[in-house]
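One structure is given here, and the rest of the page talks about it.
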Amino acid sequence: MPYHVYVIALKSEFGTTAKARRANPGFLPGRRCYYVGYTSRTPGRRYIQHMAGGQSQKGHNLASKVVHKFGVFPQGLRPEIFEVYNPIRTKAEAEKVEKWLAEKLRKEGHCVWQNRSEEHTSELQSRTKI
């Protein structure tokens with residue numbers, strides 16, 4: 001089963017939230033905000049799931065709260081950023097590409113959120129403690 005990374009544009013006000021500022025200390029005002037994820041579905045289908053919200057048959061949320069609240073709709077999917085990396089053969093590779101792509105966008109000064117942004121924030125805080 002192939003996997004795909006994807007990027008969704010977020011509204012600029014996401015960059016002003018406390019969680020966004022903690023996860024993106026290098027965010028440059030005027031740069032864009034993005035959500036980066038990976039999926040076994042097509043990026044288009046995953047985008048629609050995020051925007052529609054709802055739960056799976058097992059009761060799991062299908063949407064990131066951040067994307068559901070701040071995602072740009074319509075036209076929020078940004079294939080020009082991620083298409084070149086897809087498809088990806090394994091889940092483990094997809095996780096690595098997601099993390100790499102999120103860091104690449106952060107280094108460019110963008111505000112980025114991903115499922116593991118809280119882990120990223122903790123790592124940043126531990127690196128900056130004296």
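Here's how to read the names in the structure tokens: chain A, B, ... by the order shown, residue numbers from 1 in each chain, ligand numbers from 1 in the order shown.
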I'd like the contact shell of Asn24 of chain A - 7 Å cut-off, only C-alpha atoms, skipping same-chain residues fewer than 5 positions apart - returned as a VMD selection string.
chain A and resid 106 111 to 112
Mind checking DSSP for chain A and telling me the strand (DSSP E or B) residues as number ranges by chain?
A: 3-10, 33-39, 55, 61, 71, 77, 88, 111-113
Filtering to N, CA, C and O atoms, could you give me those residues as a PDB file, in the first residue's frame?
ATOM      1  N   TYR A   3       2.000   5.173   0.459  1.00  0.00           N
ATOM      2  CA  TYR A   3       1.701   6.296   1.352  1.00  0.00           C
ATOM      3  C   TYR A   3       2.022   7.588   0.621  1.00  0.00           C
ATOM      4  O   TYR A   3       2.749   7.589  -0.374  1.00  0.00           O
ATOM      5  N   HIS A   4       1.478   8.676   1.137  1.00  0.00           N
ATOM      6  CA  HIS A   4       1.698   9.988   0.543  1.00  0.00           C
ATOM      7  C   HIS A   4       1.898  11.025   1.643  1.00  0.00           C
ATOM      8  O   HIS A   4       1.195  10.977   2.651  1.00  0.00           O
ATOM      9  N   VAL A   5       2.844  11.929   1.444  1.00  0.00           N
ATOM     10  CA  VAL A   5       2.893  13.113   2.298  1.00  0.00           C
ATOM     11  C   VAL A   5       2.027  14.167   1.633  1.00  0.00           C
ATOM     12  O   VAL A   5       1.794  14.117   0.427  1.00  0.00           O
ATOM     13  N   TYR A   6       1.541  15.116   2.434  1.00  0.00           N
ATOM     14  CA  TYR A   6       0.718  16.188   1.889  1.00  0.00           C
ATOM     15  C   TYR A   6       0.894  17.442   2.726  1.00  0.00           C
ATOM     16  O   TYR A   6       1.326  17.370   3.883  1.00  0.00           O
ATOM     17  N   VAL A   7       0.578  18.570   2.117  1.00  0.00           N
ATOM     18  CA  VAL A   7       0.695  19.865   2.787  1.00  0.00           C
ATOM     19  C   VAL A   7      -0.617  20.622   2.569  1.00  0.00           C
ATOM     20  O   VAL A   7      -1.100  20.716   1.444  1.00  0.00           O
ATOM     21  N   ILE A   8      -1.158  21.150   3.661  1.00  0.00           N
ATOM     22  CA  ILE A   8      -2.389  21.938   3.622  1.00  0.00           C
ATOM     23  C   ILE A   8      -2.080  23.333   4.133  1.00  0.00           C
ATOM     24  O   ILE A   8      -1.442  23.493   5.184  1.00  0.00           O
ATOM     25  N   ALA A   9      -2.518  24.339   3.396  1.00  0.00           N
ATOM     26  CA  ALA A   9      -2.346  25.725   3.834  1.00  0.00           C
ATOM     27  C   ALA A   9      -3.273  25.997   5.013  1.00  0.00           C
ATOM     28  O   ALA A   9      -4.435  25.569   5.028  1.00  0.00           O
ATOM     29  N   LEU A  10      -2.743  26.705   6.005  1.00  0.00           N
ATOM     30  CA  LEU A  10      -3.532  27.134   7.160  1.00  0.00           C
ATOM     31  C   LEU A  10      -3.709  28.644   7.111  1.00  0.00           C
ATOM     32  O   LEU A  10      -2.848  29.358   6.586  1.00  0.00           O
ATOM     33  N   CYS A  33       1.543  29.611   6.748  1.00  0.00           N
ATOM     34  CA  CYS A  33       1.318  28.563   7.743  1.00  0.00           C
ATOM     35  C   CYS A  33       0.847  27.305   7.014  1.00  0.00           C
ATOM     36  O   CYS A  33       0.009  27.388   6.105  1.00  0.00           O
ATOM     37  N   TYR A  34       1.385  26.149   7.432  1.00  0.00           N
ATOM     38  CA  TYR A  34       1.068  24.882   6.785  1.00  0.00           C
ATOM     39  C   TYR A  34       0.864  23.766   7.799  1.00  0.00           C
ATOM     40  O   TYR A  34       1.457  23.774   8.878  1.00  0.00           O
ATOM     41  N   TYR A  35       0.074  22.786   7.400  1.00  0.00           N
ATOM     42  CA  TYR A  35      -0.028  21.516   8.106  1.00  0.00           C
ATOM     43  C   TYR A  35       0.644  20.488   7.205  1.00  0.00           C
ATOM     44  O   TYR A  35       0.370  20.434   6.001  1.00  0.00           O
ATOM     45  N   VAL A  36       1.511  19.652   7.769  1.00  0.00           N
ATOM     46  CA  VAL A  36       2.183  18.599   7.015  1.00  0.00           C
ATOM     47  C   VAL A  36       1.779  17.261   7.617  1.00  0.00           C
ATOM     48  O   VAL A  36       1.828  17.079   8.839  1.00  0.00           O
ATOM     49  N   GLY A  37       1.367  16.325   6.760  1.00  0.00           N
ATOM     50  CA  GLY A  37       0.967  15.009   7.232  1.00  0.00           C
ATOM     51  C   GLY A  37       1.326  13.932   6.233  1.00  0.00           C
ATOM     52  O   GLY A  37       1.888  14.208   5.176  1.00  0.00           O
ATOM     53  N   TYR A  38       0.991  12.689   6.592  1.00  0.00           N
ATOM     54  CA  TYR A  38       1.131  11.584   5.645  1.00  0.00           C
ATOM     55  C   TYR A  38      -0.111  10.718   5.763  1.00  0.00           C
ATOM     56  O   TYR A  38      -0.814  10.739   6.777  1.00  0.00           O
ATOM     57  N   THR A  39      -0.393   9.955   4.709  1.00  0.00           N
ATOM     58  CA  THR A  39      -1.606   9.153   4.665  1.00  0.00           C
ATOM     59  C   THR A  39      -1.447   7.966   3.734  1.00  0.00           C
ATOM     60  O   THR A  39      -0.607   7.997   2.832  1.00  0.00           O
ATOM     61  N   GLN A  55     -15.877  11.344  12.581  1.00  0.00           N
ATOM     62  CA  GLN A  55     -15.181  10.232  13.212  1.00  0.00           C
ATOM     63  C   GLN A  55     -15.279   8.973  12.353  1.00  0.00           C
ATOM     64  O   GLN A  55     -16.221   8.801  11.582  1.00  0.00           O
ATOM     65  N   ASN A  61     -11.151  10.409  15.658  1.00  0.00           N
ATOM     66  CA  ASN A  61     -11.293  11.646  14.894  1.00  0.00           C
ATOM     67  C   ASN A  61     -10.578  11.499  13.561  1.00  0.00           C
ATOM     68  O   ASN A  61      -9.449  11.026  13.511  1.00  0.00           O
ATOM     69  N   GLY A  71      -7.703  25.367   8.495  1.00  0.00           N
ATOM     70  CA  GLY A  71      -7.392  24.978   7.115  1.00  0.00           C
ATOM     71  C   GLY A  71      -8.046  25.887   6.084  1.00  0.00           C
ATOM     72  O   GLY A  71      -9.181  26.320   6.250  1.00  0.00           O
ATOM     73  N   LEU A  77      -5.040  22.522  -0.391  1.00  0.00           N
ATOM     74  CA  LEU A  77      -4.021  21.507  -0.621  1.00  0.00           C
ATOM     75  C   LEU A  77      -2.917  22.109  -1.484  1.00  0.00           C
ATOM     76  O   LEU A  77      -3.197  22.793  -2.462  1.00  0.00           O
ATOM     77  N   ILE A  88       5.187   6.936  -1.603  1.00  0.00           N
ATOM     78  CA  ILE A  88       6.198   6.435  -0.669  1.00  0.00           C
ATOM     79  C   ILE A  88       5.823   4.996  -0.323  1.00  0.00           C
ATOM     80  O   ILE A  88       4.656   4.707  -0.055  1.00  0.00           O
ATOM     81  N   CYS A 111       5.422  28.728   9.349  1.00  0.00           N
ATOM     82  CA  CYS A 111       4.810  28.168  10.548  1.00  0.00           C
ATOM     83  C   CYS A 111       4.235  26.817  10.158  1.00  0.00           C
ATOM     84  O   CYS A 111       3.425  26.744   9.235  1.00  0.00           O
ATOM     85  N   VAL A 112       4.662  25.757  10.839  1.00  0.00           N
ATOM     86  CA  VAL A 112       4.264  24.401  10.446  1.00  0.00           C
ATOM     87  C   VAL A 112       3.667  23.661  11.633  1.00  0.00           C
ATOM     88  O   VAL A 112       4.198  23.712  12.742  1.00  0.00           O
ATOM     89  N   TRP A 113       2.579  22.964  11.370  1.00  0.00           N
ATOM     90  CA  TRP A 113       1.994  22.072  12.361  1.00  0.00           C
ATOM     91  C   TRP A 113       1.907  20.687  11.751  1.00  0.00           C
ATOM     92  O   TRP A 113       1.677  20.535  10.561  1.00  0.00           O
TER      93      TRP A 113
END
Non-local contacts of Gly30 of chain A (10 Å; only C-alpha atoms; under 3 positions in same chain excluded) as a ChimeraX atom specification:
/A:12,15,27,33,109-110
With N, CA, C and O atoms retained, export the selected residues as a compact mmCIF listing (two decimals), in the first residue's frame.
# COMPACT_ATOMS: atom_id res chain seq x y z
N SER A 12 -3.59 32.42 8.20
CA SER A 12 -2.47 33.11 8.85
C SER A 12 -2.69 33.30 10.34
O SER A 12 -1.72 33.34 11.10
N GLY A 15 -0.75 31.23 12.97
CA GLY A 15 0.60 31.63 13.39
C GLY A 15 0.64 32.48 14.64
O GLY A 15 1.69 32.63 15.26
N PHE A 27 9.50 31.30 13.13
CA PHE A 27 8.47 31.76 12.19
C PHE A 27 8.67 33.23 11.87
O PHE A 27 8.82 34.06 12.76
N CYS A 33 1.54 29.61 6.75
CA CYS A 33 1.32 28.56 7.74
C CYS A 33 0.85 27.30 7.01
O CYS A 33 0.01 27.39 6.11
N GLY A 109 11.27 29.56 7.31
CA GLY A 109 10.57 30.60 8.06
C GLY A 109 9.07 30.45 8.14
O GLY A 109 8.38 31.31 8.68
N HIS A 110 8.55 29.33 7.62
CA HIS A 110 7.11 29.10 7.66
C HIS A 110 6.69 28.57 9.03
O HIS A 110 7.49 28.00 9.77
Tell me, in Å to one decimal, how far atom CA of Gln75 of chain A is from atom CA of Thr42 of chain A.
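Distance between the two atoms: 15.5 Å.
For the choices A:Ile81, A:Met1, A:Val66, A:Met51, the atom-to-atom distance to Thr17 of chain A is smallest for A:Val66 when using only C-alpha atoms.
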So that I can check the surroundings of Glu108 of chain A, please list as a short mmCIF file (atom, residue, chain, number, x, y, z; two decimals) with N, CA and C atoms, in the first residue's frame every protein, DNA and RNA residue that reaches within 9 Å of it, counting only C-alpha atoms and ignoring chain neighbours fewer than 5 positions away.
data_model
loop_
_atom_site.label_atom_id
_atom_site.label_comp_id
_atom_site.auth_asym_id
_atom_site.auth_seq_id
_atom_site.Cartn_x
_atom_site.Cartn_y
_atom_site.Cartn_z
N GLY A 26 11.16 30.05 14.90
CA GLY A 26 11.79 30.77 13.80
C GLY A 26 10.79 31.31 12.78
N PHE A 27 9.50 31.30 13.13
CA PHE A 27 8.47 31.76 12.19
C PHE A 27 8.67 33.23 11.87
N LEU A 28 8.71 33.53 10.59
CA LEU A 28 8.88 34.90 10.13
C LEU A 28 7.53 35.46 9.71
N ARG A 31 5.35 34.99 6.33
CA ARG A 31 5.49 33.67 5.71
C ARG A 31 4.18 32.92 5.92
N GLU A 103 10.36 20.15 8.73
CA GLU A 103 11.56 20.88 9.14
C GLU A 103 12.07 21.77 8.00
#
